[in-house]
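Report on the structure given below.
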Amino acid sequence: MLTFLRNLFRKRPNRRVVKTDLKHLITDVHSHLVPGVDDGAPDMTSALALISRLHHLGFERLVTTPHIMSDLYPNTPEILQPRFNELKQEVSKRFPSLKLILAAEYFLDTSFLALLENPNTLLTFPCVDPLNGDKHDMLLFEFAFHEAPNDELLTEAIFKMQTSGITPVVAHCARYPYWHMERSKLESLHDKGVILTVNAATLVGNYGELAKETAHYAVDQGWIRMVCSDTHAPHHIVAVKELENSEILAKLIENGGLLNPGVGIR
Ligand SMILES: [Fe+2]
């Protein structure tokens, strides 16, 4: 009895109550949902199952971003658009309120630089910055994981995008192992006006402690402006669910710089 009373009145540790609804994000900005075009959803049934789960988490808009990678996934807008249209038709029957947008995740190489010569043909996505109402036309791009991007190539790609009126968005910035110990590279990209994104799976530790630490550090520095699911398969959606009511999502929302809610609006 005495132990019970002691436990009842014992001072509880000062834990912060965090309430962060995923609905605050509104838009998921990175996913591989177009059936059979890359390493994402293999067919229509899988794509619709993934979309259903994302929609149930509270997302109202999904920007789907198939890989465009000259050697492994030589996708083009001509290949992607018809398959995306089929998906969109199925989605509109099942989830009429969900908005699906086609963009792409471009791999940084010389072929990408060549594509940047014709900016009108690029698969970009719109965003209105919730902070200041600025309108952006954004493009998602990524680097190799085993080798840091060539500085000249990167600088030229950013320059070409920005001079064409396109805002560069770096995919999963905390997943590149060569930058875990060189985080100033992330800062310099942020300072150049490049939008840095992190995957939910990185924030919850699915890509290892160093990637998680780098992602949390970048959030603390205020460099992260988007959180993405990068859904290829159901486990990526589980990671997004883990963010709900987490300190790190609360921090991202409290920082006030998240662009997710403005993505998909012109
Ligand atoms: Fe991706």
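Chain identifiers are assigned as A, B, and so on, following the order in which chains appear in the structure tokens; residues are numbered from 1 within each chain, and ligands are numbered from 1 in order of appearance.
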
| request: Please return as a PyMOL selection string: the residues of range 3-162 of chain A that backbone DSSP assigns to strand (DSSP E). | output: chain A and resi 27-28+61-64+67-68+99-102+105-107+125-128+135-142

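By only C-alpha atoms, and with residues fewer than 2 positions from Pro66 in chain A along its chain excluded, the set lying at most 6 Å from it is His32, Ala104 and Glu105 of chain A.
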
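When the distance limit is 8 Å and only C-alpha atoms are what count, the residues near Glu244 in chain A, minus those fewer than 3 positions from it on the same chain, are Lys19, Thr20, Asp21, Leu22, Val240, Lys241 and Leu249 of chain A.
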
Please return as a compact mmCIF listing (two decimals) with C-alpha atoms, in the first residue's frame: the residues of range 63-258 of chain A that backbone DSSP assigns to alpha helix (DSSP H).
# COMPACT_ATOMS: atom_id res chain seq x y z
CA PRO A 77 8.32 12.41 -69.98
CA GLU A 78 7.00 10.57 -73.07
CA ILE A 79 7.41 7.20 -71.33
CA LEU A 80 6.15 8.35 -67.93
CA GLN A 81 3.18 10.54 -68.83
CA PRO A 82 0.88 7.82 -70.30
CA ARG A 83 1.56 5.45 -67.39
CA PHE A 84 1.00 8.27 -64.93
CA ASN A 85 -2.29 9.14 -66.68
CA GLU A 86 -3.52 5.54 -66.23
CA LEU A 87 -2.59 5.69 -62.54
CA LYS A 88 -4.27 9.06 -62.11
CA GLN A 89 -7.47 7.75 -63.66
CA GLU A 90 -7.59 4.81 -61.22
CA VAL A 91 -6.76 7.09 -58.29
CA SER A 92 -9.53 9.55 -59.19
CA LYS A 93 -12.09 6.68 -59.10
CA ARG A 94 -10.99 5.48 -55.66
CA THR A 110 26.30 14.74 -67.75
CA SER A 111 23.04 13.48 -69.30
CA PHE A 112 21.12 15.52 -66.73
CA LEU A 113 23.16 18.60 -67.68
CA ALA A 114 22.14 18.00 -71.30
CA LEU A 115 18.45 17.80 -70.28
CA ASP A 151 31.86 19.86 -57.65
CA GLU A 152 31.94 21.41 -61.12
CA LEU A 153 29.03 19.28 -62.33
CA LEU A 154 27.00 20.15 -59.26
CA THR A 155 27.75 23.87 -59.49
CA GLU A 156 26.87 23.94 -63.18
CA ALA A 157 23.62 22.02 -62.66
CA ILE A 158 22.52 24.38 -59.88
CA PHE A 159 23.47 27.40 -61.99
CA LYS A 160 21.54 26.10 -65.01
CA MET A 161 18.45 25.37 -62.94
CA GLN A 162 18.46 28.69 -61.15
CA THR A 163 19.06 30.73 -64.31
CA SER A 184 29.35 22.05 -44.32
CA LYS A 185 28.51 20.79 -47.84
CA LEU A 186 24.85 20.75 -46.85
CA GLU A 187 25.16 24.23 -45.41
CA SER A 188 26.72 25.59 -48.59
CA LEU A 189 23.90 24.07 -50.69
CA HIS A 190 21.34 25.62 -48.34
CA ASP A 191 23.13 28.99 -48.60
CA ALA A 200 11.10 10.05 -42.94
CA ALA A 201 13.01 6.74 -42.86
CA THR A 202 16.29 8.61 -42.26
CA LEU A 203 14.82 10.65 -39.41
CA GLU A 209 22.76 6.21 -36.77
CA LEU A 210 25.08 8.47 -38.77
CA ALA A 211 22.42 9.25 -41.35
CA LYS A 212 19.91 9.88 -38.57
CA GLU A 213 22.33 12.16 -36.67
CA THR A 214 23.10 14.11 -39.84
CA ALA A 215 19.38 14.52 -40.58
CA HIS A 216 18.62 15.69 -37.04
CA TYR A 217 21.63 18.06 -37.12
CA ALA A 218 20.41 19.55 -40.40
CA VAL A 219 16.93 20.02 -38.91
CA ASP A 220 18.45 21.76 -35.86
CA PRO A 234 5.21 -0.25 -47.57
CA HIS A 235 8.09 0.05 -45.07
CA HIS A 236 8.72 3.64 -46.15
CA ILE A 237 5.14 4.48 -45.16
CA VAL A 238 5.64 2.81 -41.77
CA ALA A 239 8.54 5.24 -41.23
CA VAL A 240 6.28 8.23 -41.99
CA LYS A 241 3.75 6.92 -39.44
CA GLU A 242 6.59 6.73 -36.86
CA LEU A 243 7.11 10.47 -37.25
CA GLU A 247 9.93 15.50 -31.24
CA ILE A 248 11.67 15.82 -34.60
CA LEU A 249 8.48 16.43 -36.59
CA ALA A 250 7.36 18.92 -33.91
CA LYS A 251 10.69 20.72 -34.37
CA LEU A 252 10.31 20.78 -38.16
CA ILE A 253 6.81 22.20 -37.86
CA GLU A 254 7.79 24.70 -35.12
CA ASN A 255 10.78 25.90 -37.20

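Environment of ligand 1, defined as every protein or nucleic acid residue with an atom within 10 Å of it and counting only C-alpha atoms and all ligand atoms, comprises A:Val29, A:His30, A:Ser31, A:His32, A:Asp38, A:Asp39, A:Gly40, A:Thr64, A:Thr65, A:Pro66, A:His67, A:Ala104, A:Glu105, A:Tyr106, A:Phe107, A:Leu140, A:Phe141, A:Glu142, A:Ala171, A:His172, A:Asn199, A:Cys228, A:Ser229, A:Asp230, A:Thr231, A:His232.
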
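The space between CA of Thr27 in chain A and CA of Met44 in chain A spans 21.4 Å.
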
As a PDB file with C-alpha atoms, in the first residue's frame, please: the residues near range 261-264 of chain A (cut-off 7 Å, only C-alpha atoms, same-chain neighbours under 5 positions excluded).
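Once written, part-v3.pdb looks like this:
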ATOM      1  CA  LEU A  25       2.353  18.102 -44.012  1.00  0.00           C
ATOM      2  CA  ILE A  26      -0.532  17.970 -46.548  1.00  0.00           C
ATOM      3  CA  THR A  27       1.802  17.008 -49.411  1.00  0.00           C
ATOM      4  CA  ARG A  61      -1.446  15.710 -52.469  1.00  0.00           C
ATOM      5  CA  PHE A 125       6.521  20.589 -59.622  1.00  0.00           C
ATOM      6  CA  PRO A 126       4.988  23.834 -58.341  1.00  0.00           C
ATOM      7  CA  CYS A 127       5.261  25.227 -54.821  1.00  0.00           C
ATOM      8  CA  VAL A 128       4.054  28.357 -53.069  1.00  0.00           C
ATOM      9  CA  ASP A 129       6.313  29.056 -50.083  1.00  0.00           C
ATOM     10  CA  PRO A 130       3.986  29.232 -47.036  1.00  0.00           C
TER      11      PRO A 130
END

| query | A:Val227, A:Ala174, A:Leu139, A:Leu116: which is nearest Leu259 in chain A, counting only C-alpha atoms? | reply | A:Val227

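Going from CA of Gly256 in chain A to CA of His55 in chain A covers 23.4 Å.
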
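Taking CA of Ala144 in chain A and CA of Leu108 in chain A as the two end points, the separation is 8.0 Å.
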